[in-house]
>>> print(open('coords.pdb').read())   # PDB, C-alpha atoms and all ligand atoms
MODEL        1
ATOM      1  CA  MET A   1      49.022 -72.800 305.873  1.00  0.00           C
ATOM      2  CA  ALA A   2      50.234 -70.963 302.761  1.00  0.00           C
ATOM      3  CA  ASP A   3      53.531 -69.209 303.544  1.00  0.00           C
ATOM      4  CA  MET A   4      55.213 -66.398 301.555  1.00  0.00           C
ATOM      5  CA  ASP A   5      58.012 -65.881 304.061  1.00  0.00           C
ATOM      6  CA  HIS A   6      56.867 -62.539 305.458  1.00  0.00           C
ATOM      7  CA  VAL A   7      53.142 -63.357 305.237  1.00  0.00           C
ATOM      8  CA  ILE A   8      51.411 -66.377 306.655  1.00  0.00           C
ATOM      9  CA  ILE A   9      47.916 -67.029 305.352  1.00  0.00           C
ATOM     10  CA  MET A  10      45.762 -69.141 307.639  1.00  0.00           C
ATOM     11  CA  ASP A  11      44.646 -72.068 305.568  1.00  0.00           C
ATOM     12  CA  HIS A  12      42.284 -73.730 308.029  1.00  0.00           C
ATOM     13  CA  PRO A  13      38.655 -74.780 307.465  1.00  0.00           C
ATOM     14  CA  LEU A  14      37.468 -73.271 310.766  1.00  0.00           C
ATOM     15  CA  ILE A  15      38.967 -69.875 309.927  1.00  0.00           C
ATOM     16  CA  LYS A  16      37.726 -69.979 306.326  1.00  0.00           C
ATOM     17  CA  HIS A  17      34.193 -70.896 307.406  1.00  0.00           C
ATOM     18  CA  LYS A  18      34.041 -68.145 310.007  1.00  0.00           C
ATOM     19  CA  ILE A  19      35.406 -65.535 307.574  1.00  0.00           C
ATOM     20  CA  SER A  20      32.698 -66.507 305.067  1.00  0.00           C
ATOM     21  CA  MET A  21      30.100 -65.883 307.786  1.00  0.00           C
ATOM     22  CA  LEU A  22      31.664 -62.469 308.493  1.00  0.00           C
ATOM     23  CA  ARG A  23      31.330 -61.476 304.849  1.00  0.00           C
ATOM     24  CA  ASP A  24      27.576 -62.148 304.812  1.00  0.00           C
ATOM     25  CA  ILE A  25      25.656 -58.869 304.937  1.00  0.00           C
ATOM     26  CA  HIS A  26      22.948 -60.699 306.924  1.00  0.00           C
ATOM     27  CA  THR A  27      25.315 -61.478 309.819  1.00  0.00           C
ATOM     28  CA  GLY A  28      24.229 -59.178 312.651  1.00  0.00           C
ATOM     29  CA  THR A  29      26.367 -57.226 315.111  1.00  0.00           C
ATOM     30  CA  ASN A  30      26.343 -59.756 317.934  1.00  0.00           C
ATOM     31  CA  GLU A  31      27.306 -62.699 315.746  1.00  0.00           C
ATOM     32  CA  PHE A  32      29.845 -60.599 313.840  1.00  0.00           C
ATOM     33  CA  ARG A  33      31.597 -59.579 317.066  1.00  0.00           C
ATOM     34  CA  THR A  34      31.666 -63.179 318.308  1.00  0.00           C
ATOM     35  CA  LEU A  35      33.126 -64.403 315.019  1.00  0.00           C
ATOM     36  CA  VAL A  36      35.870 -61.741 315.020  1.00  0.00           C
ATOM     37  CA  GLY A  37      36.913 -62.861 318.504  1.00  0.00           C
ATOM     38  CA  GLU A  38      36.916 -66.536 317.541  1.00  0.00           C
ATOM     39  CA  ILE A  39      38.955 -65.934 314.380  1.00  0.00           C
ATOM     40  CA  ALA A  40      41.449 -63.837 316.349  1.00  0.00           C
ATOM     41  CA  MET A  41      41.914 -66.695 318.821  1.00  0.00           C
ATOM     42  CA  LEU A  42      42.452 -69.255 316.057  1.00  0.00           C
ATOM     43  CA  GLU A  43      44.916 -67.006 314.225  1.00  0.00           C
ATOM     44  CA  ALA A  44      46.790 -66.159 317.429  1.00  0.00           C
ATOM     45  CA  PHE A  45      47.357 -69.858 318.095  1.00  0.00           C
ATOM     46  CA  GLU A  46      49.548 -69.878 314.984  1.00  0.00           C
ATOM     47  CA  ALA A  47      50.979 -66.368 315.304  1.00  0.00           C
ATOM     48  CA  LEU A  48      52.327 -67.143 318.789  1.00  0.00           C
ATOM     49  CA  ARG A  49      53.993 -70.392 317.796  1.00  0.00           C
ATOM     50  CA  ASP A  50      57.480 -68.933 318.430  1.00  0.00           C
ATOM     51  CA  LEU A  51      56.922 -67.352 321.858  1.00  0.00           C
ATOM     52  CA  PRO A  52      60.162 -67.832 323.834  1.00  0.00           C
ATOM     53  CA  MET A  53      60.175 -70.759 326.290  1.00  0.00           C
ATOM     54  CA  GLU A  54      62.294 -71.680 329.307  1.00  0.00           C
ATOM     55  CA  ASN A  55      62.522 -74.864 331.378  1.00  0.00           C
ATOM     56  CA  ARG A  56      61.597 -74.690 335.051  1.00  0.00           C
ATOM     57  CA  GLU A  57      61.367 -77.347 337.704  1.00  0.00           C
ATOM     58  CA  VAL A  58      57.949 -78.622 338.704  1.00  0.00           C
ATOM     59  CA  GLU A  59      56.980 -81.313 341.172  1.00  0.00           C
ATOM     60  CA  THR A  60      54.451 -83.692 339.649  1.00  0.00           C
ATOM     61  CA  PRO A  61      52.613 -86.184 341.894  1.00  0.00           C
ATOM     62  CA  LEU A  62      55.342 -88.671 340.861  1.00  0.00           C
ATOM     63  CA  GLU A  63      58.648 -86.792 340.682  1.00  0.00           C
ATOM     64  CA  LYS A  64      60.460 -83.530 339.976  1.00  0.00           C
ATOM     65  CA  ALA A  65      60.759 -82.629 336.299  1.00  0.00           C
ATOM     66  CA  MET A  66      62.076 -79.783 334.167  1.00  0.00           C
ATOM     67  CA  VAL A  67      59.187 -78.577 332.022  1.00  0.00           C
ATOM     68  CA  PRO A  68      58.717 -75.738 329.489  1.00  0.00           C
ATOM     69  CA  TYR A  69      56.983 -72.451 330.345  1.00  0.00           C
ATOM     70  CA  ILE A  70      56.631 -69.233 328.353  1.00  0.00           C
ATOM     71  CA  SER A  71      59.622 -67.140 329.427  1.00  0.00           C
ATOM     72  CA  GLY A  72      60.412 -63.534 330.168  1.00  0.00           C
ATOM     73  CA  LYS A  73      58.111 -60.592 329.809  1.00  0.00           C
ATOM     74  CA  LYS A  74      54.903 -61.811 328.262  1.00  0.00           C
ATOM     75  CA  MET A  75      53.498 -60.318 325.139  1.00  0.00           C
ATOM     76  CA  ALA A  76      51.650 -57.104 324.421  1.00  0.00           C
ATOM     77  CA  ILE A  77      48.503 -57.051 322.328  1.00  0.00           C
ATOM     78  CA  VAL A  78      48.074 -53.730 320.530  1.00  0.00           C
ATOM     79  CA  PRO A  79      44.713 -53.256 318.798  1.00  0.00           C
ATOM     80  CA  ILE A  80      44.331 -50.464 316.259  1.00  0.00           C
ATOM     81  CA  LEU A  81      41.161 -48.676 317.372  1.00  0.00           C
ATOM     82  CA  ARG A  82      38.381 -49.166 316.883  1.00  0.00           C
ATOM     83  CA  ALA A  83      38.009 -52.394 314.965  1.00  0.00           C
ATOM     84  CA  GLY A  84      41.123 -54.018 316.432  1.00  0.00           C
ATOM     85  CA  LEU A  85      39.394 -54.017 319.833  1.00  0.00           C
ATOM     86  CA  GLY A  86      37.176 -56.813 318.554  1.00  0.00           C
ATOM     87  CA  MET A  87      40.197 -59.126 318.338  1.00  0.00           C
ATOM     88  CA  VAL A  88      41.653 -58.523 321.812  1.00  0.00           C
ATOM     89  CA  ASP A  89      39.537 -60.896 323.904  1.00  0.00           C
ATOM     90  CA  GLY A  90      40.176 -63.761 321.504  1.00  0.00           C
ATOM     91  CA  VAL A  91      43.935 -63.393 321.973  1.00  0.00           C
ATOM     92  CA  LEU A  92      43.570 -62.881 325.737  1.00  0.00           C
ATOM     93  CA  THR A  93      41.743 -66.220 325.913  1.00  0.00           C
ATOM     94  CA  LEU A  94      45.043 -67.832 324.913  1.00  0.00           C
ATOM     95  CA  VAL A  95      47.406 -65.492 326.812  1.00  0.00           C
ATOM     96  CA  PRO A  96      45.476 -64.022 329.748  1.00  0.00           C
ATOM     97  CA  THR A  97      48.632 -62.426 331.213  1.00  0.00           C
ATOM     98  CA  ALA A  98      49.305 -60.323 328.101  1.00  0.00           C
ATOM     99  CA  LYS A  99      49.260 -56.564 328.542  1.00  0.00           C
ATOM    100  CA  VAL A 100      47.143 -54.491 326.166  1.00  0.00           C
ATOM    101  CA  GLY A 101      48.225 -51.236 324.500  1.00  0.00           C
ATOM    102  CA  HIS A 102      46.030 -49.111 322.253  1.00  0.00           C
ATOM    103  CA  ILE A 103      46.645 -47.095 319.104  1.00  0.00           C
ATOM    104  CA  GLY A 104      43.805 -44.898 317.889  1.00  0.00           C
ATOM    105  CA  LEU A 105      43.801 -44.288 314.136  1.00  0.00           C
ATOM    106  CA  TYR A 106      41.047 -43.429 311.712  1.00  0.00           C
ATOM    107  CA  ARG A 107      41.242 -43.227 307.936  1.00  0.00           C
ATOM    108  CA  ASP A 108      40.409 -39.935 306.303  1.00  0.00           C
ATOM    109  CA  PRO A 109      37.445 -40.816 304.058  1.00  0.00           C
ATOM    110  CA  LYS A 110      38.861 -38.708 301.165  1.00  0.00           C
ATOM    111  CA  THR A 111      42.634 -39.257 301.287  1.00  0.00           C
ATOM    112  CA  HIS A 112      42.378 -42.722 302.945  1.00  0.00           C
ATOM    113  CA  GLU A 113      45.435 -41.743 305.019  1.00  0.00           C
ATOM    114  CA  PRO A 114      45.425 -42.593 308.761  1.00  0.00           C
ATOM    115  CA  HIS A 115      45.152 -39.979 311.524  1.00  0.00           C
ATOM    116  CA  GLU A 116      46.328 -40.770 315.034  1.00  0.00           C
ATOM    117  CA  TYR A 117      44.160 -39.771 318.000  1.00  0.00           C
ATOM    118  CA  TYR A 118      45.332 -41.995 320.875  1.00  0.00           C
ATOM    119  CA  CYS A 119      48.339 -44.050 321.938  1.00  0.00           C
ATOM    120  CA  LYS A 120      49.298 -45.919 325.098  1.00  0.00           C
ATOM    121  CA  LEU A 121      51.707 -48.844 325.195  1.00  0.00           C
ATOM    122  CA  PRO A 122      52.627 -51.164 328.108  1.00  0.00           C
ATOM    123  CA  ALA A 123      56.187 -50.934 329.492  1.00  0.00           C
ATOM    124  CA  PRO A 124      58.765 -52.242 329.004  1.00  0.00           C
ATOM    125  CA  ILE A 125      57.640 -52.399 325.389  1.00  0.00           C
ATOM    126  CA  GLU A 126      61.135 -53.272 324.119  1.00  0.00           C
ATOM    127  CA  GLN A 127      61.084 -56.604 326.005  1.00  0.00           C
ATOM    128  CA  ARG A 128      57.716 -57.815 324.789  1.00  0.00           C
ATOM    129  CA  THR A 129      56.551 -59.747 321.788  1.00  0.00           C
ATOM    130  CA  ILE A 130      54.026 -57.305 320.317  1.00  0.00           C
ATOM    131  CA  LEU A 131      50.984 -58.509 318.402  1.00  0.00           C
ATOM    132  CA  VAL A 132      49.321 -55.629 316.529  1.00  0.00           C
ATOM    133  CA  VAL A 133      45.740 -56.588 315.691  1.00  0.00           C
ATOM    134  CA  ASP A 134      43.313 -55.057 313.211  1.00  0.00           C
ATOM    135  CA  PRO A 135      40.706 -57.016 311.213  1.00  0.00           C
ATOM    136  CA  MET A 136      41.447 -55.067 308.008  1.00  0.00           C
ATOM    137  CA  LEU A 137      44.717 -54.384 306.153  1.00  0.00           C
ATOM    138  CA  ALA A 138      43.470 -52.333 303.201  1.00  0.00           C
ATOM    139  CA  THR A 139      45.881 -49.685 301.836  1.00  0.00           C
ATOM    140  CA  GLY A 140      48.234 -50.569 304.699  1.00  0.00           C
ATOM    141  CA  GLY A 141      48.430 -46.942 305.851  1.00  0.00           C
ATOM    142  CA  SER A 142      47.062 -47.652 309.348  1.00  0.00           C
ATOM    143  CA  GLY A 143      49.250 -50.727 309.822  1.00  0.00           C
ATOM    144  CA  VAL A 144      52.407 -48.873 308.766  1.00  0.00           C
ATOM    145  CA  GLU A 145      51.623 -45.930 311.042  1.00  0.00           C
ATOM    146  CA  ALA A 146      50.899 -48.203 314.011  1.00  0.00           C
ATOM    147  CA  VAL A 147      54.182 -50.118 313.583  1.00  0.00           C
ATOM    148  CA  ASP A 148      56.086 -46.823 313.056  1.00  0.00           C
ATOM    149  CA  PHE A 149      54.734 -45.582 316.358  1.00  0.00           C
ATOM    150  CA  ILE A 150      55.543 -48.768 318.271  1.00  0.00           C
ATOM    151  CA  LYS A 151      59.117 -48.762 316.932  1.00  0.00           C
ATOM    152  CA  GLN A 152      59.548 -45.081 317.869  1.00  0.00           C
ATOM    153  CA  HIS A 153      58.678 -46.118 321.441  1.00  0.00           C
ATOM    154  CA  GLY A 154      61.222 -48.941 321.450  1.00  0.00           C
ATOM    155  CA  GLY A 155      59.140 -51.936 320.315  1.00  0.00           C
ATOM    156  CA  LYS A 156      61.312 -54.519 318.547  1.00  0.00           C
ATOM    157  CA  LYS A 157      59.626 -57.870 318.064  1.00  0.00           C
ATOM    158  CA  ILE A 158      56.442 -56.923 316.251  1.00  0.00           C
ATOM    159  CA  LYS A 159      53.876 -59.125 314.503  1.00  0.00           C
ATOM    160  CA  PHE A 160      50.822 -57.903 312.611  1.00  0.00           C
ATOM    161  CA  MET A 161      47.649 -59.981 312.585  1.00  0.00           C
ATOM    162  CA  CYS A 162      44.548 -59.228 310.497  1.00  0.00           C
ATOM    163  CA  ILE A 163      41.514 -61.112 309.230  1.00  0.00           C
ATOM    164  CA  LEU A 164      41.262 -59.748 305.673  1.00  0.00           C
ATOM    165  CA  ALA A 165      44.014 -58.123 303.635  1.00  0.00           C
ATOM    166  CA  ALA A 166      44.273 -56.568 300.192  1.00  0.00           C
ATOM    167  CA  PRO A 167      47.455 -57.353 298.226  1.00  0.00           C
ATOM    168  CA  GLU A 168      48.218 -53.609 298.233  1.00  0.00           C
ATOM    169  CA  GLY A 169      48.167 -53.491 302.047  1.00  0.00           C
ATOM    170  CA  ILE A 170      50.462 -56.474 302.459  1.00  0.00           C
ATOM    171  CA  LYS A 171      52.923 -54.943 299.978  1.00  0.00           C
ATOM    172  CA  ARG A 172      52.938 -51.527 301.673  1.00  0.00           C
ATOM    173  CA  LEU A 173      53.348 -52.935 305.177  1.00  0.00           C
ATOM    174  CA  HIS A 174      56.091 -55.310 304.094  1.00  0.00           C
ATOM    175  CA  GLU A 175      58.000 -52.608 302.195  1.00  0.00           C
ATOM    176  CA  ALA A 176      57.858 -50.244 305.175  1.00  0.00           C
ATOM    177  CA  HIS A 177      58.568 -52.920 307.812  1.00  0.00           C
ATOM    178  CA  PRO A 178      60.211 -56.018 306.305  1.00  0.00           C
ATOM    179  CA  ASP A 179      60.997 -57.325 309.809  1.00  0.00           C
ATOM    180  CA  VAL A 180      57.299 -57.590 310.736  1.00  0.00           C
ATOM    181  CA  GLN A 181      55.702 -60.985 310.158  1.00  0.00           C
ATOM    182  CA  ILE A 182      52.154 -60.618 308.819  1.00  0.00           C
ATOM    183  CA  TYR A 183      49.403 -63.132 309.693  1.00  0.00           C
ATOM    184  CA  VAL A 184      46.308 -62.988 307.475  1.00  0.00           C
ATOM    185  CA  GLY A 185      43.032 -64.901 307.570  1.00  0.00           C
ATOM    186  CA  CYS A 186      42.411 -64.386 303.852  1.00  0.00           C
ATOM    187  CA  VAL A 187      43.877 -62.242 301.064  1.00  0.00           C
ATOM    188  CA  ASP A 188      41.100 -60.673 298.982  1.00  0.00           C
ATOM    189  CA  ARG A 189      41.109 -59.577 295.345  1.00  0.00           C
ATOM    190  CA  GLU A 190      41.614 -55.798 295.398  1.00  0.00           C
ATOM    191  CA  LEU A 191      40.673 -52.409 296.794  1.00  0.00           C
ATOM    192  CA  ASN A 192      37.809 -50.430 295.257  1.00  0.00           C
ATOM    193  CA  GLU A 193      37.946 -46.675 294.550  1.00  0.00           C
ATOM    194  CA  ASP A 194      37.007 -45.950 298.197  1.00  0.00           C
ATOM    195  CA  ALA A 195      39.906 -48.159 299.376  1.00  0.00           C
ATOM    196  CA  TYR A 196      37.533 -50.846 300.665  1.00  0.00           C
ATOM    197  CA  ILE A 197      38.623 -54.460 300.394  1.00  0.00           C
ATOM    198  CA  CYS A 198      36.665 -56.449 297.770  1.00  0.00           C
ATOM    199  CA  PRO A 199      34.821 -58.753 298.136  1.00  0.00           C
ATOM    200  CA  GLY A 200      35.594 -57.911 301.791  1.00  0.00           C
ATOM    201  CA  LEU A 201      33.136 -57.624 304.641  1.00  0.00           C
ATOM    202  CA  GLY A 202      32.361 -53.893 304.644  1.00  0.00           C
ATOM    203  CA  ASP A 203      33.395 -51.561 307.451  1.00  0.00           C
ATOM    204  CA  ALA A 204      34.738 -53.780 310.221  1.00  0.00           C
ATOM    205  CA  GLY A 205      34.433 -51.148 312.977  1.00  0.00           C
ATOM    206  CA  ASP A 206      30.835 -50.345 312.109  1.00  0.00           C
ATOM    207  CA  ARG A 207      29.886 -54.020 311.961  1.00  0.00           C
ATOM    208  CA  ILE A 208      31.585 -54.852 315.277  1.00  0.00           C
ATOM    209  CA  PHE A 209      30.064 -51.922 317.142  1.00  0.00           C
ATOM    210  CA  GLY A 210      26.742 -51.591 315.315  1.00  0.00           C
ATOM    211  CA  THR A 211      27.345 -48.022 314.183  1.00  0.00           C
ATOM    212  CA  LYS A 212      26.145 -46.362 310.958  1.00  0.00           C
TER     213      LYS A 212
HETATM  214  C1  LIG A 301      39.724 -49.485 309.326  1.00  0.00           C
HETATM  215  C2  LIG A 301      40.387 -50.772 309.763  1.00  0.00           C
HETATM  216  C3  LIG A 301      41.837 -50.398 309.736  1.00  0.00           C
HETATM  217  C4  LIG A 301      41.909 -49.463 308.569  1.00  0.00           C
HETATM  218  C5  LIG A 301      42.455 -50.226 307.403  1.00  0.00           C
HETATM  219  O1  LIG A 301      39.644 -48.599 310.373  1.00  0.00           O
HETATM  220  O2  LIG A 301      39.952 -51.216 311.021  1.00  0.00           O
HETATM  221  O3  LIG A 301      42.316 -49.769 310.902  1.00  0.00           O
HETATM  222  O4  LIG A 301      40.576 -49.024 308.287  1.00  0.00           O
HETATM  223  O5  LIG A 301      42.620 -49.399 306.316  1.00  0.00           O
HETATM  224  P1  LIG A 301      44.039 -49.006 305.727  1.00  0.00           P
HETATM  225  O6  LIG A 301      44.830 -50.274 305.647  1.00  0.00           O
HETATM  226  O7  LIG A 301      43.703 -48.440 304.386  1.00  0.00           O
HETATM  227  O8  LIG A 301      44.666 -47.989 306.637  1.00  0.00           O
HETATM  228  P2  LIG A 301      38.875 -47.195 310.259  1.00  0.00           P
HETATM  229  O9  LIG A 301      39.821 -46.132 309.867  1.00  0.00           O
HETATM  230  O10 LIG A 301      37.649 -47.371 309.426  1.00  0.00           O
HETATM  231  O11 LIG A 301      38.496 -46.893 311.758  1.00  0.00           O
HETATM  232  P3  LIG A 301      37.549 -47.692 312.780  1.00  0.00           P
HETATM  233  O12 LIG A 301      38.265 -48.965 313.144  1.00  0.00           O
HETATM  234  O13 LIG A 301      37.446 -46.751 313.918  1.00  0.00           O
HETATM  235  O14 LIG A 301      36.227 -47.955 312.111  1.00  0.00           O
HETATM  236  N1  LIG A 302      38.436 -50.675 306.591  1.00  0.00           N
HETATM  237  C1  LIG A 302      37.364 -51.481 306.696  1.00  0.00           C
HETATM  238  O1  LIG A 302      36.733 -51.548 307.755  1.00  0.00           O
HETATM  239  N2  LIG A 302      36.992 -52.183 305.619  1.00  0.00           N
HETATM  240  C2  LIG A 302      37.657 -52.143 304.456  1.00  0.00           C
HETATM  241  O2  LIG A 302      37.269 -52.834 303.499  1.00  0.00           O
HETATM  242  C3  LIG A 302      38.770 -51.293 304.361  1.00  0.00           C
HETATM  243  C4  LIG A 302      39.146 -50.580 305.449  1.00  0.00           C
ENDMDL
END
>>> encode(input="coords.pdb", output="structure tokens")
Amino acid sequence: MADMDHVIIMDHPLIKHKISMLRDIHTGTNEFRTLVGEIAMLEAFEALRDLPMENREVETPLEKAMVPYISGKKMAIVPILRAGLGMVDGVLTLVPTAKVGHIGLYRDPKTHEPHEYYCKLPAPIEQRTILVVDPMLATGGSGVEAVDFIKQHGGKKIKFMCILAAPEGIKRLHEAHPDVQIYVGCVDRELNEDAYICPGLGDAGDRIFGTK
């Protein structure tokens, strides 16, 4: 795993292979959606490495023992709608007790700035480890707005997990929220004039939901 302190890039053959399949224009909706879920699960395995633990007593068939469990309020998964929804089930496979919040944002096609249309977060948000998920970190506008909103509502321990990122998006999110650890499947070359990630995978929401 390549590590730049605030950004962890998943350097794993399974993740790389699956991301290459996502990029392929010939990958259809069903397969695309499955791949997004699988990549999210693999990335979450790493992103949740520091979940707090506590020892509790358990009785094994042989004796009593103090053994580690995940402690306290479990985490919250917060997908940025729509495309982030595609990553939720993959994370829930690992942490089925996690609560799920939602933040609805869409990018204005001309200004590329995000507009909020929905928000609901699980309480008590301040006690949870919060994993914001969105397949794409392009200009970073949506990521910054989502983290702004969560902090305004009391969220403290926030991680951001995406599949593809542009260098511009990582920079903007880190500058706005240096306390947020960023987990990325792959960092691509650049944004084009429409603020799409290149080489990228196209419009993640449209490919997950079969729209357009
Ligand atoms: C996409 C993507 C991110 C955002 C990234 O969503 O899922 O949320 O763009 O771009 P940014 O980093 O420049 O803000 P989009 O606005 O297309 O909405 P959708 O998920 O509903 O398709
Ligand atoms: N949103 C997407 O879905 N794809 C991009 O390349 C950029 C933003």
>>> closest_residue(input="coords.pdb", among="A:Ser20, A:Leu81, A:Gly154, A:Asp5", to="Gly185 in chain A", atoms="all atoms listed in the file")
A:Ser20
>>> residues_near_ligand(input="coords.pdb", ligand="ligand LIG 301 (chain A)", cutoff="8 Å", atoms="only C-alpha atoms and all ligand atoms", output="PyMOL selection string")
chain A and resi 80-84+104-108+112-114+134-143+169+195-196+203-206
>>> resolve_selection(input="coords.pdb", expression="the PyMOL selection byres (((chain A and resi 100) around 12) and not hetatm)", output="mmCIF file with C-alpha atoms, in the frame of the given file")
data_model
loop_
_atom_site.group_PDB
_atom_site.id
_atom_site.type_symbol
_atom_site.label_atom_id
_atom_site.label_comp_id
_atom_site.auth_asym_id
_atom_site.auth_seq_id
_atom_site.Cartn_x
_atom_site.Cartn_y
_atom_site.Cartn_z
ATOM 1 C CA LYS A 74 54.903 -61.811 328.262
ATOM 2 C CA MET A 75 53.498 -60.318 325.139
ATOM 3 C CA ALA A 76 51.650 -57.104 324.421
ATOM 4 C CA ILE A 77 48.503 -57.051 322.328
ATOM 5 C CA VAL A 78 48.074 -53.730 320.530
ATOM 6 C CA PRO A 79 44.713 -53.256 318.798
ATOM 7 C CA ILE A 80 44.331 -50.464 316.259
ATOM 8 C CA GLY A 84 41.123 -54.018 316.432
ATOM 9 C CA LEU A 85 39.394 -54.017 319.833
ATOM 10 C CA MET A 87 40.197 -59.126 318.338
ATOM 11 C CA VAL A 88 41.653 -58.523 321.812
ATOM 12 C CA ASP A 89 39.537 -60.896 323.904
ATOM 13 C CA VAL A 91 43.935 -63.393 321.973
ATOM 14 C CA LEU A 92 43.570 -62.881 325.737
ATOM 15 C CA VAL A 95 47.406 -65.492 326.812
ATOM 16 C CA PRO A 96 45.476 -64.022 329.748
ATOM 17 C CA THR A 97 48.632 -62.426 331.213
ATOM 18 C CA ALA A 98 49.305 -60.323 328.101
ATOM 19 C CA LYS A 99 49.260 -56.564 328.542
ATOM 20 C CA GLY A 101 48.225 -51.236 324.500
ATOM 21 C CA HIS A 102 46.030 -49.111 322.253
ATOM 22 C CA ILE A 103 46.645 -47.095 319.104
ATOM 23 C CA CYS A 119 48.339 -44.050 321.938
ATOM 24 C CA LYS A 120 49.298 -45.919 325.098
ATOM 25 C CA LEU A 121 51.707 -48.844 325.195
ATOM 26 C CA PRO A 122 52.627 -51.164 328.108
ATOM 27 C CA ALA A 123 56.187 -50.934 329.492
ATOM 28 C CA ILE A 125 57.640 -52.399 325.389
ATOM 29 C CA ARG A 128 57.716 -57.815 324.789
ATOM 30 C CA THR A 129 56.551 -59.747 321.788
ATOM 31 C CA ILE A 130 54.026 -57.305 320.317
ATOM 32 C CA LEU A 131 50.984 -58.509 318.402
ATOM 33 C CA VAL A 132 49.321 -55.629 316.529
ATOM 34 C CA VAL A 133 45.740 -56.588 315.691
#
>>> atom_distance(input="coords.pdb", atom1="CA of Tyr118 in chain A", atom2="CA of Val147 in chain A")
14.1 Å
>>> residues_around(input="coords.pdb", residues="Cys198 in chain A", least_positions_apart="4", cutoff="10 Å", atoms="all atoms listed in the file", output="ChimeraX atom specification")
/A:138,164-166,187-192,202
>>> atom_distance(input="coords.pdb", atom1="CA of His174 in chain A", atom2="CA of Leu14 in chain A")
26.7 Å
>>> closest_residue(input="coords.pdb", among="A:Glu46, A:Asp11, A:Asp194, A:Glu57", to="ligand LIG 302 (chain A)", atoms="all atoms listed in the file")
A:Asp194
>>> axis_aligned_box(input="coords.pdb", around="ligand LIG 302 (chain A)", padding_each_side="8 Å", output="AutoDock Vina command-line options")
--center_x 37.9 --center_y -51.7 --center_z 305.6 --size_x 18.4 --size_y 18.3 --size_z 20.3
>>> build_atoms(input="coords.pdb", residues="range 87-102 of chain A", atoms="N, CA and C atoms", output="CSV table (one decimal), in the coordinates of the input")
chain,number,residue,atom,x,y,z
A,87,MET,N,39.3,-57.9,318.4
A,87,MET,CA,40.2,-59.1,318.3
A,87,MET,C,40.9,-59.4,319.7
A,88,VAL,N,40.8,-58.4,320.6
A,88,VAL,CA,41.7,-58.5,321.8
A,88,VAL,C,41.2,-59.7,322.7
A,89,ASP,N,40.0,-59.8,323.0
A,89,ASP,CA,39.5,-60.9,323.9
A,89,ASP,C,39.9,-62.3,323.4
A,90,GLY,N,39.8,-62.5,322.1
A,90,GLY,CA,40.2,-63.8,321.5
A,90,GLY,C,41.6,-64.1,321.8
A,91,VAL,N,42.5,-63.1,321.7
A,91,VAL,CA,43.9,-63.4,322.0
A,91,VAL,C,44.1,-63.6,323.5
A,92,LEU,N,43.4,-62.8,324.3
A,92,LEU,CA,43.6,-62.9,325.7
A,92,LEU,C,43.1,-64.2,326.2
A,93,THR,N,42.2,-64.9,325.5
A,93,THR,CA,41.7,-66.2,325.9
A,93,THR,C,42.9,-67.2,325.9
A,94,LEU,N,43.9,-67.0,325.0
A,94,LEU,CA,45.0,-67.8,324.9
A,94,LEU,C,46.1,-67.4,325.9
A,95,VAL,N,46.3,-66.0,326.0
A,95,VAL,CA,47.4,-65.5,326.8
A,95,VAL,C,46.8,-64.5,327.8
A,96,PRO,N,46.2,-65.0,328.9
A,96,PRO,CA,45.5,-64.0,329.7
A,96,PRO,C,46.4,-63.0,330.4
A,97,THR,N,47.7,-63.3,330.5
A,97,THR,CA,48.6,-62.4,331.2
A,97,THR,C,49.2,-61.3,330.3
A,98,ALA,N,48.8,-61.4,329.0
A,98,ALA,CA,49.3,-60.3,328.1
A,98,ALA,C,48.8,-58.9,328.5
A,99,LYS,N,49.7,-57.9,328.3
A,99,LYS,CA,49.3,-56.6,328.5
A,99,LYS,C,48.7,-56.0,327.2
A,100,VAL,N,47.8,-55.0,327.4
A,100,VAL,CA,47.1,-54.5,326.2
A,100,VAL,C,47.4,-53.0,326.0
A,101,GLY,N,48.0,-52.6,324.9
A,101,GLY,CA,48.2,-51.2,324.5
A,101,GLY,C,47.1,-50.8,323.5
A,102,HIS,N,47.0,-49.6,323.2
A,102,HIS,CA,46.0,-49.1,322.3
A,102,HIS,C,46.6,-48.1,321.3
